[in-house]
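Asks: File my_file36.pdb follows (PDB, C-alpha atoms):
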ATOM      1  CA  MET A   1       8.847-151.178 121.862
ATOM      2  CA  PRO A   2       7.550-148.455 119.471
ATOM      3  CA  SER A   3       3.877-148.420 118.497
ATOM      4  CA  LEU A   4       1.983-147.249 115.439
ATOM      5  CA  GLN A   5      -1.020-144.980 115.972
ATOM      6  CA  GLU A   6      -4.433-145.694 114.492
ATOM      7  CA  THR A   7      -4.706-143.847 111.170
ATOM      8  CA  ARG A   8      -7.890-143.205 109.197
ATOM      9  CA  THR A   9      -8.413-142.101 105.635
ATOM     10  CA  VAL A  10     -11.561-141.821 103.539
ATOM     11  CA  VAL A  11     -11.922-143.007  99.949
ATOM     12  CA  THR A  12     -14.871-141.526  98.051
ATOM     13  CA  LEU A  13     -16.548-144.069  95.782
ATOM     14  CA  ALA A  14     -18.121-143.009  92.491
ATOM     15  CA  PRO A  15     -19.586-144.846  89.506
ATOM     16  CA  ALA A  16     -16.844-145.714  87.029
ATOM     17  CA  LYS A  17     -16.255-147.393  83.704
ATOM     18  CA  PRO A  18     -15.596-151.129  83.911
ATOM     19  CA  ALA A  19     -12.115-150.745  82.467
ATOM     20  CA  GLY A  20      -8.903-152.264  83.800
ATOM     21  CA  LEU A  21     -10.607-154.983  85.822
ATOM     22  CA  ALA A  22      -9.313-158.065  84.006
ATOM     23  CA  ASP A  23      -6.689-158.894  86.650
ATOM     24  CA  LEU A  24      -9.431-158.872  89.317
ATOM     25  CA  GLY A  25     -11.592-161.429  87.485
ATOM     26  CA  VAL A  26     -14.647-159.157  87.519
ATOM     27  CA  PRO A  27     -17.332-160.572  85.182
ATOM     28  CA  LEU A  28     -17.918-157.896  82.558
ATOM     29  CA  VAL A  29     -21.474-158.190  81.318
ATOM     30  CA  ASP A  30     -23.948-155.519  80.243
ATOM     31  CA  THR A  31     -25.317-155.199  83.782
ATOM     32  CA  THR A  32     -21.959-154.962  85.583
ATOM     33  CA  MET A  33     -21.762-151.810  87.679
ATOM     34  CA  VAL A  34     -18.460-150.525  89.012
ATOM     35  CA  LYS A  35     -17.495-147.964  91.657
ATOM     36  CA  LYS A  36     -13.952-146.763  92.181
ATOM     37  CA  GLY A  37     -12.069-144.477  94.532
ATOM     38  CA  ARG A  38      -8.494-143.651  95.442
ATOM     39  CA  ALA A  39      -6.380-142.075  98.169
ATOM     40  CA  HIS A  40      -2.846-141.304  97.074
ATOM     41  CA  GLU A  41      -0.702-141.386 100.234
ATOM     42  CA  TYR A  42      -1.306-141.804 103.931
ATOM     43  CA  PRO A  43       1.375-142.229 106.591
ATOM     44  CA  GLN A  44       0.799-144.215 109.753
ATOM     45  CA  LEU A  45       2.623-142.393 112.531
ATOM     46  CA  LEU A  46       4.438-143.785 115.512
ATOM     47  CA  THR A  47       3.302-142.626 118.947
ATOM     48  CA  ASP A  48       6.271-140.207 118.997
ATOM     49  CA  GLY A  49       4.917-138.485 115.845
ATOM     50  CA  LYS A  50       7.475-139.845 113.364
ATOM     51  CA  ILE A  51       6.351-141.700 110.249
ATOM     52  CA  GLY A  52       6.371-145.386 111.055
ATOM     53  CA  ARG A  53       4.651-147.004 108.062
ATOM     54  CA  PRO A  54       3.923-145.055 104.886
ATOM     55  CA  SER A  55       1.347-146.398 102.445
ATOM     56  CA  LYS A  56       0.371-145.218  99.000
ATOM     57  CA  THR A  57      -2.043-145.745  96.156
ATOM     58  CA  LEU A  58      -4.992-146.972  98.219
ATOM     59  CA  ARG A  59      -7.538-148.033  95.615
ATOM     60  CA  VAL A  60     -11.025-149.329  96.257
ATOM     61  CA  ILE A  61     -12.856-151.011  93.395
ATOM     62  CA  GLY A  62     -16.358-152.374  93.783
ATOM     63  CA  SER A  63     -18.363-154.446  91.334
ATOM     64  CA  ASN A  64     -21.870-155.784  91.665
ATOM     65  CA  GLY A  65     -21.261-158.682  89.249
ATOM     66  CA  ARG A  66     -24.987-159.129  88.691
ATOM     67  CA  GLY A  67     -24.257-161.125  85.564
ATOM     68  CA  ARG A  68     -23.400-164.152  87.730
ATOM     69  CA  GLY A  69     -25.821-163.869  90.598
ATOM     70  CA  PRO A  70     -26.554-161.382  93.356
ATOM     71  CA  SER A  71     -23.098-160.630  94.677
ATOM     72  CA  ALA A  72     -20.948-157.567  95.143
ATOM     73  CA  LYS A  73     -17.237-157.489  95.820
ATOM     74  CA  LEU A  74     -14.958-154.752  97.100
ATOM     75  CA  PHE A  75     -11.267-154.901  96.269
ATOM     76  CA  VAL A  76      -9.003-152.916  98.590
ATOM     77  CA  GLN A  77      -5.498-152.497  97.172
ATOM     78  CA  PHE A  78      -2.523-150.479  98.380
ATOM     79  CA  GLU A  79       1.238-150.485  98.691
ATOM     80  CA  VAL A  80       2.807-150.395 102.126
ATOM     81  CA  PHE A  81       6.422-149.556 102.928
ATOM     82  CA  GLY A  82       8.345-151.475 105.524
ATOM     83  CA  ASP A  83      10.163-148.387 106.801
ATOM     84  CA  ASN A  84      12.581-148.743 109.716
ATOM     85  CA  THR A  85      10.054-150.817 111.621
ATOM     86  CA  ALA A  86       8.671-154.323 111.224
ATOM     87  CA  ALA A  87       5.585-155.908 112.694
ATOM     88  CA  PRO A  88       6.157-158.739 115.130
ATOM     89  CA  THR A  89       4.782-161.999 113.643
ATOM     90  CA  ASN A  90       1.819-161.286 111.331
ATOM     91  CA  GLY A  91       0.749-157.844 112.553
ATOM     92  CA  VAL A  92      -2.795-156.659 113.123
ATOM     93  CA  GLY A  93      -3.966-155.680 109.639
ATOM     94  CA  PHE A  94      -6.648-153.077 109.032
ATOM     95  CA  GLU A  95     -10.344-152.386 109.354
ATOM     96  CA  ALA A  96     -12.657-150.613 106.934
ATOM     97  CA  ALA A  97     -16.204-149.329 107.042
ATOM     98  CA  LEU A  98     -18.484-148.873 104.049
ATOM     99  CA  PHE A  99     -20.803-145.853 104.238
ATOM    100  CA  ALA A 100     -23.764-144.273 102.468
ATOM    101  CA  GLY A 101     -23.731-140.704 103.748
ATOM    102  CA  SER A 102     -23.505-140.962 107.538
ATOM    103  CA  GLN A 103     -24.972-144.485 107.684
ATOM    104  CA  GLN A 104     -22.493-147.318 108.118
ATOM    105  CA  LEU A 105     -23.442-150.194 105.819
ATOM    106  CA  ALA A 106     -20.743-152.787 106.507
ATOM    107  CA  SER A 107     -17.611-153.456 108.537
ATOM    108  CA  LEU A 108     -14.640-155.153 106.905
ATOM    109  CA  SER A 109     -11.351-156.317 108.386
ATOM    110  CA  SER A 110      -8.111-158.064 107.580
ATOM    111  CA  SER A 111      -5.894-159.778 110.100
ATOM    112  CA  SER A 112      -2.518-159.051 108.513
ATOM    113  CA  LEU A 113      -0.599-157.188 105.805
ATOM    114  CA  PHE A 114       1.986-158.550 103.417
ATOM    115  CA  LEU A 115       5.072-156.800 104.765
ATOM    116  CA  PRO A 116       7.852-159.373 105.176
ATOM    117  CA  TYR A 117      10.844-156.983 105.311
ATOM    118  CA  ALA A 118      11.706-153.386 106.106
ATOM    119  CA  ASN A 119      12.801-150.748 103.564
ATOM    120  CA  PHE A 120      10.728-151.974 100.603
ATOM    121  CA  TRP A 121       7.286-151.304  99.077
ATOM    122  CA  TYR A 122       4.902-154.292  99.084
ATOM    123  CA  PRO A 123       1.592-154.506  97.202
ATOM    124  CA  ASN A 124      -1.395-155.733  99.208
ATOM    125  CA  ARG A 125      -4.787-156.787  97.831
ATOM    126  CA  PHE A 126      -7.870-157.865  99.751
ATOM    127  CA  VAL A 127     -11.357-158.764  98.542
ATOM    128  CA  PHE A 128     -14.578-158.567 100.539
ATOM    129  CA  GLU A 129     -18.080-159.691  99.656
ATOM    130  CA  VAL A 130     -20.866-157.265 100.564
ATOM    131  CA  PRO A 131     -24.628-157.315  99.994
ATOM    132  CA  VAL A 132     -25.665-155.853  96.634
ATOM    133  CA  ALA A 133     -27.922-153.340  98.400
ATOM    134  CA  ASP A 134     -24.923-152.039 100.372
ATOM    135  CA  PHE A 135     -22.826-151.777  97.203
ATOM    136  CA  ASP A 136     -25.601-149.864  95.433
ATOM    137  CA  GLN A 137     -25.872-147.295  98.265
ATOM    138  CA  ALA A 138     -22.164-146.978  99.154
ATOM    139  CA  ASP A 139     -20.486-143.630  98.518
ATOM    140  CA  ARG A 140     -17.311-143.950 100.596
ATOM    141  CA  LEU A 141     -15.047-146.322 102.447
ATOM    142  CA  GLU A 142     -13.227-145.379 105.632
ATOM    143  CA  PHE A 143      -9.873-147.199 105.839
ATOM    144  CA  ILE A 144      -8.471-147.691 109.343
ATOM    145  CA  ALA A 145      -4.849-148.736 109.811
ATOM    146  CA  LYS A 146      -4.962-150.277 113.280
ATOM    147  CA  PRO A 147      -2.479-149.470 116.046
ATOM    148  CA  GLU A 148       0.185-152.055 116.731
ATOM    149  CA  GLU A 149       3.516-152.520 118.412
ATOM    150  CA  VAL A 150       6.437-152.736 115.996
ATOM    151  CA  ARG A 151      10.123-153.426 116.323
ATOM    152  CA  THR A 152      12.835-151.139 115.013
ATOM    153  CA  VAL A 153      15.237-152.591 112.441
TER     154      VAL A 153
END
What is this file in structure tokens?
Replies:
Amino acid sequence: MPSLQETRTVVTLAPAKPAGLADLGVPLVDTTMVKKGRAHEYPQLLTDGKIGRPSKTLRVIGSNGRGRGPSAKLFVQFEVFGDNTAAPTNGVGFEAALFAGSQQLASLSSSSLFLPYANFWYPNRFVFEVPVADFDQADRLEFIAKPEEVRTV
């Protein structure tokens, strides 16, 4: 059975305008702070070196939402293509690490991706709650597509 290799990509986070956040439900008050970052494309390779699962438009949006209490949320959004492989059952998902410089602030993970069929792009969106202090310090997120066995279709 073919296997996908672990793939890592880094998304730099920078302060941003609180625009375009309505579909995320972010409370927009005078004290709302937003950080955004993006990675355009990143392929996850099979162990034989061929592209096994391409992904694109990885966006990370963070908001401290201080207007409604001390909380911070990170939205991780991307599109994943079910190429000529499919994950058995639910798959293994991804991991992410939030950093300030070289210091890791938080570890995040998801147990599965929305990828029901091969040969089609599927949007995926995940939300994580992090301490406000971590959000304030964060300058990048390392996204880790985990290795997994896949079946060829």
Asks: Hey, what's within 12 Å of Gln104 of chain A if we count only C-alpha atoms and toss same-chain stuff fewer than 5 positions away? As a list of chain:residue names, please?
Replies: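 Near neighbours after the sequence-gap exclusion: A:Ala96, A:Ala97, A:Leu98, A:Phe99, A:Asp134, A:Phe135, A:Gln137, A:Ala138, A:Asp139, A:Arg140, A:Leu141, A:Glu142.
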Asks: Apply the PyMOL selection byres ((chain A and resi 116-133) around 6) to the structure shown and report the selected residues as a list in words.
Replies: Ser71, Ala72, Lys73, Leu74, Phe75, Val76, Gln77, Phe78, Glu79, Val80, Phe81, Gly82, Asp83, Asn84, Leu115, Asp134, Phe135 and Asp136 of chain A
Asks: Measure the distance from atom CA of Ala39 of chain A to atom CA of Val11 of chain A in Å and round it to one decimal.
Replies: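 If I compute the distance from atom CA of Ala39 of chain A to atom CA of Val11 of chain A, I get 5.9 Å.
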Asks: Pick out the residues sitting within 9 Å of Pro18 of chain A, and hand them over as a ChimeraX atom specification; count only C-alpha atoms, and ignore anything fewer than 2 positions along from it in its own chain.
Replies: /A:16,20-21,26,28,32-35,63
Asks: So, with only C-alpha atoms as the atoms that count, which of A:Lys56, A:Glu149, A:Ala100, A:Gly93 lies closest to Phe114 of chain A?
Replies: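 For Phe114 of chain A, the nearest of the given residues is A:Gly93.
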Asks: Can you list what the PyMOL selection byres ((chain A and resi 42-47) around 8) grabs from this structure, as a list in words?
Replies: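 Expected selection for the PyMOL selection byres ((chain A and resi 42-47) around 8) here is Pro2, Ser3, Leu4, Gln5, Glu6, Thr7, Thr9, Ala39, His40, Glu41, Asp48, Gly49, Lys50, Ile51, Gly52, Arg53, Pro54, Ser55, Lys56 and Ala145 of chain A.
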Asks: Just the selected residues (C-alpha atoms), exported as a compact mmCIF listing (two decimals), in the frame of the given file, please.
Replies:
# COMPACT_ATOMS: atom_id res chain seq x y z
CA PRO A 2 7.55 -148.46 119.47
CA SER A 3 3.88 -148.42 118.50
CA LEU A 4 1.98 -147.25 115.44
CA GLN A 5 -1.02 -144.98 115.97
CA GLU A 6 -4.43 -145.69 114.49
CA THR A 7 -4.71 -143.85 111.17
CA THR A 9 -8.41 -142.10 105.64
CA ALA A 39 -6.38 -142.07 98.17
CA HIS A 40 -2.85 -141.30 97.07
CA GLU A 41 -0.70 -141.39 100.23
CA ASP A 48 6.27 -140.21 119.00
CA GLY A 49 4.92 -138.49 115.84
CA LYS A 50 7.48 -139.84 113.36
CA ILE A 51 6.35 -141.70 110.25
CA GLY A 52 6.37 -145.39 111.06
CA ARG A 53 4.65 -147.00 108.06
CA PRO A 54 3.92 -145.06 104.89
CA SER A 55 1.35 -146.40 102.44
CA LYS A 56 0.37 -145.22 99.00
CA ALA A 145 -4.85 -148.74 109.81
Asks: Apply the PyMOL selection byres ((chain A and resi 95) around 6) to the structure shown and report the selected residues as a PDB file with C-alpha atoms, in the coordinates of the input.
Replies:
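After the write, expr_18.pdb holds the following:
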ATOM      1  CA  PHE A  94      -6.648-153.077 109.032  1.00  0.00           C
ATOM      2  CA  ALA A  96     -12.657-150.613 106.934  1.00  0.00           C
ATOM      3  CA  LEU A 108     -14.640-155.153 106.905  1.00  0.00           C
ATOM      4  CA  SER A 109     -11.351-156.317 108.386  1.00  0.00           C
ATOM      5  CA  ILE A 144      -8.471-147.691 109.343  1.00  0.00           C
TER       6      ILE A 144
END
Asks: For the atom pair atom CA of Pro15 of chain A and atom CA of Asp30 of chain A, what is the interatomic distance in Å to one decimal place?
Replies: 14.8 Å
Asks: When you count all atoms listed in the file, which of these residues is closest to Arg59 of chain A: A:Leu105, A:Val150, A:Leu13, A:Met1?
Replies: A:Leu13
Asks: Record the distance separating atom CA of Ser111 of chain A and atom CA of Val10 of chain A, expressed in Å with one decimal.
Replies: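 Rounded to one decimal, the two atoms are 19.9 Å apart.
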Asks: Pick from A:Ala86, A:Val92, A:Ile61, A:Leu24: nearest to Gly37 of chain A, with all atoms listed in the file counted?
Replies: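 Of A:Ala86, A:Val92, A:Ile61, A:Leu24, the one nearest Gly37 of chain A, counting all atoms listed in the file, is A:Ile61.
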Asks: Go through A:Thr57, A:Ser112, A:Lys146, A:Thr152 and flag the residue nearest Gly91 of chain A, using only C-alpha atoms for the distances.
Replies: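 Counting only C-alpha atoms, the residue closest to Gly91 of chain A is A:Ser112.
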